[in-house]
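Novice: Got a structure for you, structure_38.txt, holding compact mmCIF, C-alpha atoms and all ligand atoms.
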```
# COMPACT_ATOMS: atom_id res chain seq x y z
CA MET K 1 95.09 10.53 81.81
CA GLN K 2 98.02 12.64 80.56
CA CYS K 3 98.15 12.26 76.86
CA GLU K 4 99.05 13.78 73.52
CA LEU K 5 97.68 12.27 70.35
CA GLN K 6 96.65 12.73 66.78
CA VAL K 7 93.50 11.32 65.24
CA PRO K 8 93.07 10.04 61.66
CA GLY K 9 91.70 12.26 58.88
CA ASP K 10 88.23 13.74 58.93
CA LYS K 11 85.67 11.38 57.45
CA SER K 12 83.31 14.00 55.98
CA ILE K 13 86.17 15.95 54.43
CA SER K 14 87.88 12.83 53.04
CA HIS K 15 84.73 11.83 51.11
CA ARG K 16 84.34 15.30 49.65
CA ALA K 17 88.02 15.71 48.77
CA VAL K 18 87.92 12.54 46.66
CA ILE K 19 84.66 13.44 44.93
CA LEU K 20 85.65 17.00 44.05
CA ALA K 21 89.16 15.98 43.01
CA ALA K 22 87.58 13.40 40.69
CA MET K 23 85.67 16.24 39.00
CA ALA K 24 88.72 18.53 38.72
CA ASN K 25 90.73 19.43 35.66
CA GLY K 26 93.87 17.46 36.59
CA ALA K 27 95.62 15.49 39.31
CA CYS K 28 95.13 16.39 43.00
CA VAL K 29 97.22 15.03 45.85
CA ILE K 30 95.11 14.46 48.95
CA LYS K 31 97.14 14.13 52.14
CA GLY K 32 95.79 12.99 55.48
CA PHE K 33 93.02 10.99 53.78
CA LEU K 34 91.05 8.75 56.17
CA ALA K 35 91.60 5.20 54.88
CA SER K 36 88.54 3.86 56.70
CA GLU K 37 85.91 1.57 55.23
CA ASP K 38 83.41 4.39 54.62
CA CYS K 39 85.85 6.61 52.75
CA LEU K 40 87.27 3.65 50.81
CA CYS K 41 83.71 3.04 49.56
CA THR K 42 83.80 6.52 48.03
CA VAL K 43 87.20 5.77 46.48
CA GLY K 44 85.80 2.49 45.08
CA ALA K 45 82.79 4.34 43.69
CA MET K 46 84.95 6.93 41.93
CA ARG K 47 87.07 4.16 40.43
CA ALA K 48 83.91 2.38 39.27
CA LEU K 49 82.98 5.64 37.51
CA GLY K 50 86.24 5.67 35.57
CA ILE K 51 88.46 7.81 37.80
CA GLU K 52 92.07 6.74 38.33
CA ILE K 53 93.10 6.98 41.98
CA GLU K 54 96.57 5.99 43.16
CA ALA K 55 97.41 5.37 46.80
CA ALA K 56 100.91 6.85 47.31
CA ASP K 57 100.76 5.64 50.91
CA GLU K 58 97.93 4.81 53.30
CA THR K 59 96.88 8.39 53.83
CA THR K 60 97.96 10.00 50.54
CA LEU K 61 95.90 9.65 47.40
CA ILE K 62 96.55 10.98 43.92
CA VAL K 63 93.20 11.50 42.22
CA HIS K 64 93.29 12.07 38.47
CA GLY K 65 90.35 14.36 37.86
CA LYS K 66 88.61 13.99 34.51
CA ARG K 67 86.91 17.37 34.13
CA ARG K 68 83.52 16.21 35.40
CA VAL K 69 83.40 13.31 32.97
CA PHE K 70 82.42 9.97 34.46
CA THR K 71 81.82 6.66 32.72
CA ALA K 72 78.93 4.28 33.35
CA PRO K 73 79.73 1.75 36.09
CA LYS K 74 79.84 -1.87 35.00
CA HIS K 75 78.40 -3.10 38.31
CA ASP K 76 76.33 -1.91 41.24
CA ILE K 77 78.19 0.64 43.36
CA ASP K 78 78.59 -0.64 46.91
CA CYS K 79 78.35 2.15 49.50
CA GLY K 80 78.89 -0.28 52.39
CA ASN K 81 77.83 1.32 55.68
CA SER K 82 78.31 4.86 54.44
CA GLY K 83 75.32 7.20 54.27
CA THR K 84 77.60 10.01 53.08
CA THR K 85 78.78 7.92 50.11
CA MET K 86 75.26 6.99 49.08
CA ARG K 87 73.67 10.42 49.45
CA LEU K 88 76.51 12.41 47.88
CA LEU K 89 76.80 9.94 45.02
CA ALA K 90 73.05 10.10 44.41
CA GLY K 91 73.52 13.84 43.79
CA LEU K 92 76.49 13.30 41.50
CA LEU K 93 74.89 10.47 39.52
CA ALA K 94 71.60 12.30 39.03
CA GLY K 95 73.25 14.49 36.39
CA GLN K 96 75.18 11.79 34.48
CA PRO K 97 74.10 10.47 31.08
CA PHE K 98 73.87 6.87 32.28
CA LYS K 99 72.10 4.56 34.71
CA SER K 100 73.56 3.35 37.98
CA ARG K 101 72.51 1.40 41.05
CA LEU K 102 73.66 2.13 44.61
CA ILE K 103 73.60 -0.61 47.21
CA GLY K 104 74.64 -0.77 50.86
CA ASP K 105 74.92 -3.09 53.85
CA ALA K 106 71.96 -4.05 56.06
CA SER K 107 72.25 -0.87 58.17
CA LEU K 108 72.50 1.49 55.20
CA SER K 109 69.58 -0.34 53.55
CA ARG K 110 67.39 0.76 56.47
CA ARG K 111 68.29 4.45 56.19
CA PRO K 112 65.99 7.09 54.69
CA MET K 113 66.85 8.29 51.20
CA LYS K 114 63.67 10.23 50.36
CA ARG K 115 65.40 13.34 51.65
CA VAL K 116 67.72 13.22 48.60
CA ILE K 117 65.36 11.49 46.17
CA GLU K 118 62.83 14.33 46.41
CA PRO K 119 65.05 17.26 45.41
CA LEU K 120 66.94 15.22 42.81
CA THR K 121 63.64 14.14 41.26
CA GLN K 122 62.54 17.79 41.18
CA MET K 123 65.72 18.46 39.19
CA GLY K 124 64.66 15.86 36.64
CA ALA K 125 66.48 12.67 37.64
CA LYS K 126 64.62 9.38 37.79
CA ILE K 127 65.42 7.66 41.07
CA THR K 128 63.74 4.51 42.25
CA ALA K 129 64.19 3.24 45.78
CA GLU K 130 63.93 -0.53 45.82
CA GLY K 131 63.40 -0.70 49.58
CA ASN K 132 60.29 0.36 51.50
CA ASP K 133 59.49 4.01 51.89
CA GLY K 134 62.48 5.39 50.02
CA ARG K 135 65.06 2.95 51.40
CA PRO K 136 68.05 1.64 49.34
CA PRO K 137 69.06 0.15 46.94
CA LEU K 138 68.66 3.17 44.64
CA ARG K 139 68.35 2.97 40.86
CA ILE K 140 69.37 6.24 39.29
CA GLU K 141 68.67 7.29 35.75
CA GLY K 142 70.68 10.44 35.23
CA THR K 143 69.66 13.25 32.90
CA GLN K 144 70.37 16.89 32.02
CA LEU K 145 69.24 18.48 35.28
CA GLN K 146 67.15 21.59 35.85
CA PRO K 147 68.25 23.94 38.65
CA ILE K 148 65.99 24.28 41.71
CA SER K 149 65.73 26.33 44.88
CA PHE K 150 65.26 23.72 47.53
CA SER K 151 64.37 24.12 51.21
CA THR K 152 65.29 21.00 53.08
CA PRO K 153 63.22 20.22 56.18
CA VAL K 154 66.21 18.49 57.86
CA ALA K 155 69.48 20.23 58.66
CA SER K 156 71.60 17.67 56.86
CA ALA K 157 74.97 18.26 55.24
CA GLN K 158 74.46 15.12 53.20
CA VAL K 159 71.23 16.45 51.67
CA LYS K 160 72.75 19.90 51.08
CA SER K 161 75.81 18.34 49.46
CA ALA K 162 73.78 15.99 47.25
CA VAL K 163 71.80 18.94 45.86
CA LEU K 164 74.94 21.06 45.38
CA LEU K 165 76.75 18.23 43.57
CA ALA K 166 73.72 17.75 41.34
CA GLY K 167 73.64 21.53 40.86
CA MET K 168 77.12 21.38 39.36
CA PHE K 169 75.56 19.47 36.46
CA ALA K 170 72.41 21.60 36.16
CA SER K 171 71.92 24.42 33.65
CA GLY K 172 71.73 27.50 35.89
CA LYS K 173 71.72 28.37 39.57
CA THR K 174 70.72 25.77 42.18
CA SER K 175 70.24 26.73 45.80
CA VAL K 176 69.63 24.87 49.06
CA THR K 177 68.27 26.38 52.24
CA GLU K 178 68.46 24.47 55.50
CA PRO K 179 66.59 25.08 58.76
CA ASN K 180 69.82 25.16 60.80
CA GLN K 181 73.48 25.34 59.91
CA SER K 182 74.89 21.88 59.18
CA ARG K 183 78.57 21.18 58.54
CA ASP K 184 79.84 23.31 55.65
CA HIS K 185 82.68 21.21 54.25
CA THR K 186 81.20 20.97 50.76
CA GLU K 187 80.85 24.74 50.46
CA ARG K 188 84.40 25.28 51.72
CA MET K 189 85.85 22.70 49.41
CA LEU K 190 83.97 24.08 46.41
CA GLU K 191 85.45 27.46 47.26
CA TYR K 192 88.93 25.93 47.59
CA PHE K 193 88.56 24.24 44.19
CA LEU K 194 87.46 27.63 42.81
CA VAL K 195 83.86 26.70 42.06
CA ARG K 196 82.54 29.70 43.90
CA PRO K 197 79.35 28.91 45.83
CA GLN K 198 77.33 31.86 47.13
CA LYS K 199 76.41 31.78 50.77
CA ASN K 200 73.68 33.84 52.38
CA GLU K 201 72.79 32.85 55.94
CA LEU K 202 71.28 29.37 55.66
CA THR K 203 71.22 29.31 51.84
CA VAL K 204 74.01 28.09 49.57
CA ALA K 205 73.80 28.50 45.80
CA ILE K 206 75.92 27.20 42.97
CA HIS K 207 76.11 27.76 39.22
CA GLY K 208 76.13 24.64 37.09
CA GLY K 209 78.74 23.87 34.47
CA LEU K 210 81.93 24.84 36.34
CA THR K 211 84.91 22.48 36.57
CA PRO K 212 86.88 22.41 39.85
CA GLU K 213 90.53 23.55 39.54
CA SER K 214 92.82 20.73 40.61
CA ARG K 215 94.62 21.66 43.83
CA ASP K 216 96.39 19.61 46.45
CA PHE K 217 94.57 19.29 49.72
CA THR K 218 95.36 18.25 53.28
CA VAL K 219 92.60 16.65 55.36
CA PRO K 220 92.71 17.65 59.05
CA GLY K 221 92.18 15.13 61.85
CA ASP K 222 88.58 14.27 62.63
CA ILE K 223 87.16 16.21 65.59
CA SER K 224 84.42 13.55 65.88
CA SER K 225 87.12 10.93 66.51
CA ALA K 226 88.96 13.27 68.86
CA ALA K 227 85.72 13.70 70.83
CA PHE K 228 86.08 10.24 72.40
CA TRP K 229 89.43 11.14 73.96
CA MET K 230 88.25 14.63 74.80
CA VAL K 231 85.43 13.24 76.93
CA ALA K 232 87.78 10.67 78.50
CA ALA K 233 90.02 13.56 79.60
CA ALA K 234 87.23 16.01 80.46
CA ALA K 235 85.53 13.62 82.87
CA GLN K 236 88.65 12.95 84.93
CA PRO K 237 89.85 15.74 87.23
CA ARG K 238 93.55 16.57 86.77
CA SER K 239 93.81 14.85 83.41
CA HIS K 240 95.25 16.64 80.44
CA LEU K 241 94.91 15.90 76.74
CA LEU K 242 96.40 17.55 73.70
CA VAL K 243 95.03 16.59 70.28
CA ARG K 244 97.21 17.85 67.43
CA ASN K 245 96.34 18.63 63.79
CA VAL K 246 92.62 18.32 64.24
CA GLY K 247 89.92 20.10 62.22
CA LEU K 248 88.61 23.27 63.88
CA ASN K 249 85.68 24.06 61.62
CA GLU K 250 83.06 26.04 63.55
CA THR K 251 80.23 23.90 62.22
CA ARG K 252 81.82 20.92 63.98
CA MET K 253 83.06 22.44 67.24
CA GLY K 254 79.89 22.23 69.30
CA VAL K 255 81.44 19.44 71.34
CA LEU K 256 83.95 21.91 72.80
CA ALA K 257 81.20 24.31 73.88
CA VAL K 258 79.26 21.47 75.52
CA LEU K 259 82.31 20.27 77.46
CA VAL K 260 83.01 23.82 78.66
CA ARG K 261 79.40 24.12 79.88
CA MET K 262 79.90 20.83 81.69
CA GLY K 263 82.91 22.29 83.53
CA ALA K 264 85.95 21.10 81.56
CA GLN K 265 88.68 23.50 80.53
CA VAL K 266 89.10 23.54 76.78
CA ARG K 267 91.43 25.58 74.61
CA GLU K 268 91.82 25.42 70.85
CA VAL K 269 94.43 27.07 68.65
CA VAL K 270 94.11 27.36 64.88
CA GLU K 271 97.53 26.75 63.34
CA GLN K 272 96.65 26.50 59.65
CA ASN K 273 93.70 27.67 57.63
CA ASP K 274 93.49 26.67 53.98
CA ALA K 275 90.16 25.22 52.97
CA GLU K 276 89.60 24.06 56.53
CA PRO K 277 91.00 25.41 59.82
CA MET K 278 93.25 22.96 61.64
CA GLY K 279 95.15 23.12 64.92
CA GLY K 280 95.35 21.80 68.46
CA ILE K 281 92.76 21.18 71.16
CA GLU K 282 93.72 20.98 74.80
CA VAL K 283 91.35 19.57 77.41
CA ARG K 284 91.76 19.61 81.19
CA GLY K 285 89.45 17.42 83.20
CA ALA K 286 87.06 18.37 85.98
CA ARG K 287 84.10 17.07 87.91
CA LEU K 288 81.55 17.49 85.17
CA ARG K 289 78.02 18.76 85.67
CA GLY K 290 74.97 18.08 83.51
CA THR K 291 73.85 20.31 80.67
CA THR K 292 71.15 20.65 78.01
CA ILE K 293 71.94 20.04 74.36
CA GLU K 294 69.12 20.99 72.02
CA GLY K 295 67.87 23.09 69.12
CA ARG K 296 70.37 24.72 66.82
CA GLU K 297 73.30 23.09 68.58
CA ILE K 298 72.19 19.61 67.54
CA PRO K 299 73.53 19.53 63.94
CA ASN K 300 76.87 20.79 65.25
CA VAL K 301 77.24 17.87 67.68
CA ILE K 302 75.23 15.27 65.81
CA ASP K 303 77.99 12.65 65.67
CA GLU K 304 79.26 13.44 69.17
CA LEU K 305 75.95 12.86 70.95
CA PRO K 306 76.72 9.23 71.88
CA ILE K 307 79.95 10.20 73.65
CA LEU K 308 78.36 13.34 75.12
CA ALA K 309 75.61 11.15 76.56
CA VAL K 310 78.36 9.11 78.23
CA ALA K 311 79.79 12.40 79.57
CA GLY K 312 76.29 13.14 80.90
CA ALA K 313 76.22 9.83 82.79
CA LEU K 314 79.58 10.69 84.37
CA ALA K 315 78.49 14.21 85.33
CA SER K 316 76.55 15.26 88.38
CA GLY K 317 72.95 16.30 87.80
CA LYS K 318 70.76 15.98 84.77
CA THR K 319 71.82 16.06 81.11
CA VAL K 320 69.09 16.59 78.55
CA ILE K 321 69.42 15.90 74.84
CA ALA K 322 66.41 17.14 72.83
CA ASN K 323 65.48 17.72 69.16
CA ALA K 324 67.80 14.91 68.18
CA ASN K 325 65.35 12.69 66.28
CA GLU K 326 67.98 12.36 63.52
CA LEU K 327 69.80 9.99 65.88
CA ARG K 328 67.03 7.46 65.28
CA VAL K 329 68.08 7.13 61.60
CA LYS K 330 71.86 6.91 61.93
CA GLU K 331 73.84 3.66 61.55
CA THR K 332 71.50 2.36 64.26
CA ASP K 333 68.80 4.02 66.36
CA ARG K 334 71.39 5.76 68.51
CA LEU K 335 68.93 7.05 71.14
CA ALA K 336 67.75 3.50 71.85
CA ALA K 337 71.31 2.10 71.74
CA ILE K 338 72.66 4.73 74.15
CA ALA K 339 69.77 4.25 76.58
CA THR K 340 70.12 0.45 76.53
CA ASN K 341 73.87 0.49 77.08
CA LEU K 342 73.93 3.21 79.72
CA ARG K 343 71.21 1.40 81.68
CA ALA K 344 73.19 -1.86 81.43
CA MET K 345 76.07 -0.03 83.11
CA GLY K 346 73.86 1.20 85.97
CA ALA K 347 72.97 4.70 84.76
CA GLN K 348 69.49 6.14 85.07
CA VAL K 349 68.25 7.21 81.65
CA GLY K 350 64.91 8.27 80.23
CA GLU K 351 64.32 8.01 76.50
CA THR K 352 62.05 10.55 74.82
CA GLU K 353 60.88 10.62 71.22
CA ASP K 354 63.69 12.93 70.17
CA GLY K 355 66.23 12.70 72.94
CA LEU K 356 67.42 11.47 76.29
CA GLU K 357 67.31 12.49 79.95
CA ILE K 358 70.34 11.24 81.79
CA PHE K 359 70.46 11.45 85.57
CA GLY K 360 74.22 11.45 85.98
CA GLY K 361 76.58 10.71 88.80
CA LEU K 362 75.60 7.13 89.65
CA PRO K 363 78.61 4.78 89.67
CA LEU K 364 78.90 2.84 86.40
CA HIS K 365 79.67 -0.87 86.45
CA GLY K 366 81.21 -2.94 83.68
CA ALA K 367 78.86 -4.90 81.44
CA ARG K 368 78.72 -6.86 78.21
CA LEU K 369 77.40 -4.43 75.61
CA ASP K 370 76.52 -4.56 71.94
CA SER K 371 77.65 -1.91 69.47
CA PHE K 372 74.48 -2.50 67.43
CA GLY K 373 76.85 -2.41 64.45
CA ASP K 374 77.42 1.31 65.01
CA HIS K 375 80.99 2.61 65.20
CA ARG K 376 80.19 5.57 67.40
CA ILE K 377 78.25 3.47 69.89
CA ALA K 378 81.16 1.00 70.08
CA MET K 379 83.71 3.75 70.77
CA ALA K 380 81.51 5.77 73.13
CA PHE K 381 80.99 2.72 75.33
CA ALA K 382 84.66 1.76 75.26
CA ILE K 383 85.26 5.17 76.86
CA ALA K 384 82.39 4.59 79.32
CA GLY K 385 84.18 1.36 80.27
CA LEU K 386 87.22 3.38 81.36
CA PHE K 387 85.09 4.87 84.12
CA ALA K 388 83.30 1.69 85.17
CA GLU K 389 83.99 -0.64 88.05
CA GLY K 390 84.80 -4.11 86.70
CA GLU K 391 85.14 -5.39 83.19
CA THR K 392 83.39 -3.96 80.13
CA THR K 393 83.16 -6.00 76.94
CA ILE K 394 81.76 -4.56 73.75
CA THR K 395 80.78 -6.99 71.01
CA ASN K 396 80.34 -6.47 67.31
CA THR K 397 83.02 -3.80 67.12
CA GLU K 398 84.35 -4.33 63.61
CA CYS K 399 82.24 -1.36 62.63
CA VAL K 400 84.85 0.90 64.28
CA ASN K 401 86.84 0.54 61.04
CA THR K 402 84.22 2.56 59.19
CA SER K 403 85.53 5.76 60.78
CA TYR K 404 88.46 5.11 63.13
CA PRO K 405 90.78 2.21 62.31
CA GLY K 406 93.35 2.18 65.11
CA PHE K 407 90.93 3.28 67.84
CA TYR K 408 91.49 0.15 69.90
CA LYS K 409 95.29 0.46 69.68
CA GLU K 410 95.04 4.01 70.98
CA LEU K 411 92.72 2.82 73.76
CA GLU K 412 95.23 0.15 74.79
CA ARG K 413 97.99 2.76 74.85
CA ILE K 414 95.86 4.94 77.13
CA LEU K 415 94.91 1.98 79.33
CA LYS K 416 98.56 1.40 80.27
CA PRO K 417 100.11 0.41 82.61
CA PRO K 418 98.45 -2.98 81.88
CA ASN K 419 99.57 -4.67 85.11
CA ASP K 420 98.17 -2.02 87.35
CA PRO K 421 95.17 -3.60 89.16
CA GLN K 422 93.51 -0.16 89.13
CA THR K 423 93.48 -0.11 85.32
CA PRO K 424 89.96 -0.67 84.02
CA VAL K 425 89.46 -3.58 81.64
CA VAL K 426 87.78 -2.75 78.36
CA THR K 427 87.63 -5.38 75.66
CA MET K 428 86.35 -4.82 72.15
CA LEU K 429 85.40 -8.05 70.42
CA PRO K 430 85.15 -7.95 66.63
CA SER K 431 81.95 -10.00 66.41
C1 LIG X 1 77.84 13.90 57.38
C2 LIG X 1 76.74 14.57 57.81
C3 LIG X 1 75.96 14.15 58.99
C4 LIG X 1 76.78 13.24 59.89
C5 LIG X 1 77.48 12.16 59.12
C6 LIG X 1 78.42 12.75 58.09
C7 LIG X 1 78.50 14.36 56.14
O1 LIG X 1 74.82 13.44 58.57
O2 LIG X 1 75.96 12.68 60.88
O3 LIG X 1 78.25 11.33 59.98
O4 LIG X 1 79.64 13.96 55.88
O5 LIG X 1 77.87 15.12 55.42
P1 LIG X 1 73.49 14.21 58.10
O6 LIG X 1 73.78 14.98 56.89
O7 LIG X 1 72.50 13.10 57.84
O8 LIG X 1 73.09 15.06 59.25
```
Spell out the structure here as structure tokens.
Ligand code: S3P
Specialist:
Amino acid sequence: MQCELQVPGDKSISHRAVILAAMANGACVIKGFLASEDCLCTVGAMRALGIEIEAADETTLIVHGKRRVFTAPKHDIDCGNSGTTMRLLAGLLAGQPFKSRLIGDASLSRRPMKRVIEPLTQMGAKITAEGNDGRPPLRIEGTQLQPISFSTPVASAQVKSAVLLAGMFASGKTSVTEPNQSRDHTERMLEYFLVRPQKNELTVAIHGGLTPESRDFTVPGDISSAAFWMVAAAAQPRSHLLVRNVGLNETRMGVLAVLVRMGAQVREVVEQNDAEPMGGIEVRGARLRGTTIEGREIPNVIDELPILAVAGALASGKTVIANANELRVKETDRLAAIATNLRAMGAQVGETEDGLEIFGGLPLHGARLDSFGDHRIAMAFAIAGLFAEGETTITNTECVNTSYPGFYKELERILKPPNDPQTPVVTMLPS
């Protein structure tokens, strides 16, 4: 593989750019926006709350901020498959003087929401989960919020962001402390929009009542999307990949460190640094060797673990993933999905309560695999198919549009030349 590419905008940053711009004191132009299903749910939600958003082109939005004033939605707000939309919105809606109801698809309706309900309830909001054990739909009765100092037991950027967004509507200083550093896009964007959060190690604090200053913003490419191609290059000796204009935020770059430990050559260059660093990543392939991914590194690679598990299966020796119980409550139970699919391709995998043990280096063979409705499982196994003998078919792959519309087109481009009998066959079926 000799390849140069660009990936679509960062999903986490796109959500936050739209939400903060909607709260700003004027119009913001957001360039590089990820027009995927998840982020379009956030756009739909902001519109339902009275915010005018124009699409200048597919990746450029003009958001007309209304100085933190939202209007009551006329209908339920549909968060689709997007946990980020639901959890961040829960924080925002907790401080509004109206009622709202957040719904999601079958996968989102199985995901835990207590982690945001608890702190938001402590701040004074009334939130009822209609599903079992804190599961969606959520009914939110907003109110004038009280500030809190909250220690979250999970290192989750969604929880941290929900509390900080609620804190913007509270009377006083709200702080969140997390057990490990999770992605810090909300803090950076608050800083960029001149709502100065205070950061002290694993605590972030914010003063309520401030209105973000409207500023234009460019979303970098999504390193989590780039990770699929990075592993494809890393696991093939002599291959070379250059990804341009991708986000190089340190709280997201764990995937590079893991690939280096596995033996790949990786180089990144920051070319721009406004709210978020952005630049190029170069990867040169090698014969990979197994590694251990655990502890504090986990939040930094949380979305890359499916593709890193595939890298583990292609590497020699053992790869261990531990302390990753959060993977059980993603779009699907990702630990179970990875183990099932890797085994179907001939890999030897042990599943633990909070991780995986992958005994790499066995030849993979093509198989018919399910995505389990999870975009990252679908894409990770499309890449695994590139290294398998025979044909790999992945079903139920429409979910890829939640984060990476255009993935399959890029895959086909990389699979060329199509008439070469050596070219692996990977098919992604929508249903
Ligand atoms: C995200 C945070 C992470 C990540 C998700 C996006 C965000 O989830 O897995 O894809 O945008 O804040 P958690 O906060 O649940 O760890």
Novice: Give me the residues of chain K that have any atom at most 7 Å from an atom of ligand LIG 1 (chain X); for each, the nearest atom pair and the distance in Å, rounded to one decimal. Use only C-alpha atoms and all ligand atoms, sort by chain and number, and format it as JSON lines.
Specialist:
```
{"residue": "K:Lys11", "atom": "CA", "partner": "X:LIG1", "partner_atom": "O4", "distance": 6.7}
{"residue": "K:Ser12", "atom": "CA", "partner": "X:LIG1", "partner_atom": "O4", "distance": 3.7}
{"residue": "K:Ile13", "atom": "CA", "partner": "X:LIG1", "partner_atom": "O4", "distance": 7.0}
{"residue": "K:Thr84", "atom": "CA", "partner": "X:LIG1", "partner_atom": "O4", "distance": 5.3}
{"residue": "K:Ala155", "atom": "CA", "partner": "X:LIG1", "partner_atom": "O8", "distance": 6.3}
{"residue": "K:Ser156", "atom": "CA", "partner": "X:LIG1", "partner_atom": "O6", "distance": 3.5}
{"residue": "K:Ala157", "atom": "CA", "partner": "X:LIG1", "partner_atom": "O6", "distance": 3.9}
{"residue": "K:Gln158", "atom": "CA", "partner": "X:LIG1", "partner_atom": "O6", "distance": 3.8}
{"residue": "K:Val159", "atom": "CA", "partner": "X:LIG1", "partner_atom": "O6", "distance": 6.0}
{"residue": "K:Arg183", "atom": "CA", "partner": "X:LIG1", "partner_atom": "O5", "distance": 6.9}
{"residue": "K:Pro299", "atom": "CA", "partner": "X:LIG1", "partner_atom": "O8", "distance": 6.5}
{"residue": "K:Ile302", "atom": "CA", "partner": "X:LIG1", "partner_atom": "O2", "distance": 5.6}
{"residue": "K:Asp303", "atom": "CA", "partner": "X:LIG1", "partner_atom": "O2", "distance": 5.2}
```
Novice: Quick one: everything within 7 Å of Ile140 (chain K), counting only C-alpha atoms, minus sequence neighbours fewer than 2 positions away in the same chain. Send it as a list in words.
Specialist: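 Near Ile140 (chain K), the qualifying residues are Leu93, Ala94, Lys99, Ser100, Arg101, Lys126, Ile127, Thr128, Leu138 and Gly142 of chain K.
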Novice: How many Å separate CA of Leu145 (chain K) from CA of Ala17 (chain K)?
Specialist: 23.3 Å
Novice: With only C-alpha atoms as the atoms that count, which of K:Leu34, K:Leu362, K:Val349, K:Val18 lies nearest to Gly406 (chain K)?
Specialist: K:Leu34
Novice: I need the residue nearest Phe372 (chain K) from this list: K:Ala27, K:Ile394, K:Ile358, K:Val329. Use all atoms listed in the file for the distance.
Specialist: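 Smallest distance to Phe372 (chain K) is found for K:Ile394.
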Novice: Hey, what's within 10 Å of Ile383 (chain K) if we count all atoms listed in the file and toss same-chain stuff fewer than 2 positions away? As a PDB file with C-alpha atoms, in the coordinates of the input, please?
Specialist:
```pdb
ATOM      1  CA  PHE K 228      86.080  10.240  72.400  1.00  0.00           C
ATOM      2  CA  TRP K 229      89.430  11.140  73.960  1.00  0.00           C
ATOM      3  CA  VAL K 231      85.430  13.240  76.930  1.00  0.00           C
ATOM      4  CA  ALA K 232      87.780  10.670  78.500  1.00  0.00           C
ATOM      5  CA  ILE K 307      79.950  10.200  73.650  1.00  0.00           C
ATOM      6  CA  VAL K 310      78.360   9.110  78.230  1.00  0.00           C
ATOM      7  CA  ALA K 311      79.790  12.400  79.570  1.00  0.00           C
ATOM      8  CA  ALA K 378      81.160   1.000  70.080  1.00  0.00           C
ATOM      9  CA  MET K 379      83.710   3.750  70.770  1.00  0.00           C
ATOM     10  CA  ALA K 380      81.510   5.770  73.130  1.00  0.00           C
ATOM     11  CA  PHE K 381      80.990   2.720  75.330  1.00  0.00           C
ATOM     12  CA  GLY K 385      84.180   1.360  80.270  1.00  0.00           C
ATOM     13  CA  LEU K 386      87.220   3.380  81.360  1.00  0.00           C
ATOM     14  CA  PHE K 387      85.090   4.870  84.120  1.00  0.00           C
ATOM     15  CA  ALA K 388      83.300   1.690  85.170  1.00  0.00           C
ATOM     16  CA  THR K 392      83.390  -3.960  80.130  1.00  0.00           C
ATOM     17  CA  LEU K 411      92.720   2.820  73.760  1.00  0.00           C
ATOM     18  CA  VAL K 426      87.780  -2.750  78.360  1.00  0.00           C
TER      19      VAL K 426
END
```
Novice: May I ask which of the residues K:Leu61, K:Ser82, K:Ser109, K:Thr143 is the closest one to Thr121 (chain K), counting all atoms listed in the file?
Specialist: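 Closest to Thr121 (chain K) of all the choices is K:Thr143.
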Novice: So that I can see what lies close to Arg67 (chain K), please list as a PyMOL selection string the residues with an atom at most 9 Å from it, counting all atoms listed in the file and leaving out residues fewer than 5 positions away in the same chain.
Specialist: chain K and resi 22-26+211-213
Novice: Would you export the selected residues with C-alpha atoms as a PDB file, keeping the file's coordinate frame, please?
Specialist:
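Done, and the output landed in part05.pdb:
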```pdb
ATOM      1  CA  ALA K  22      87.580  13.400  40.690  1.00  0.00           C
ATOM      2  CA  MET K  23      85.670  16.240  39.000  1.00  0.00           C
ATOM      3  CA  ALA K  24      88.720  18.530  38.720  1.00  0.00           C
ATOM      4  CA  ASN K  25      90.730  19.430  35.660  1.00  0.00           C
ATOM      5  CA  GLY K  26      93.870  17.460  36.590  1.00  0.00           C
ATOM      6  CA  THR K 211      84.910  22.480  36.570  1.00  0.00           C
ATOM      7  CA  PRO K 212      86.880  22.410  39.850  1.00  0.00           C
ATOM      8  CA  GLU K 213      90.530  23.550  39.540  1.00  0.00           C
TER       9      GLU K 213
END
```
Novice: Mind listing whatever residues come within 6 Å of the point (90.4, 8.7, 68.1)? Use all atoms listed in the file, file coordinates, and give them as a short mmCIF file (atom, residue, chain, number, x, y, z; two decimals) with C-alpha atoms, in the frame of the given file.
Specialist:
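The resulting file, point.cif, is shown below:
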```cif
data_model
loop_
_atom_site.label_atom_id
_atom_site.label_comp_id
_atom_site.auth_asym_id
_atom_site.auth_seq_id
_atom_site.Cartn_x
_atom_site.Cartn_y
_atom_site.Cartn_z
CA VAL K 7 93.50 11.32 65.24
CA SER K 225 87.12 10.93 66.51
CA ALA K 226 88.96 13.27 68.86
CA PHE K 407 90.93 3.28 67.84
#
```
Novice: Using all atoms listed in the file, can you tell me which of K:Arg139, K:His185, K:Val255, K:Lys173 comes closest to Lys160 (chain K)?
Specialist: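 Closest to Lys160 (chain K), using all atoms listed in the file: K:His185.
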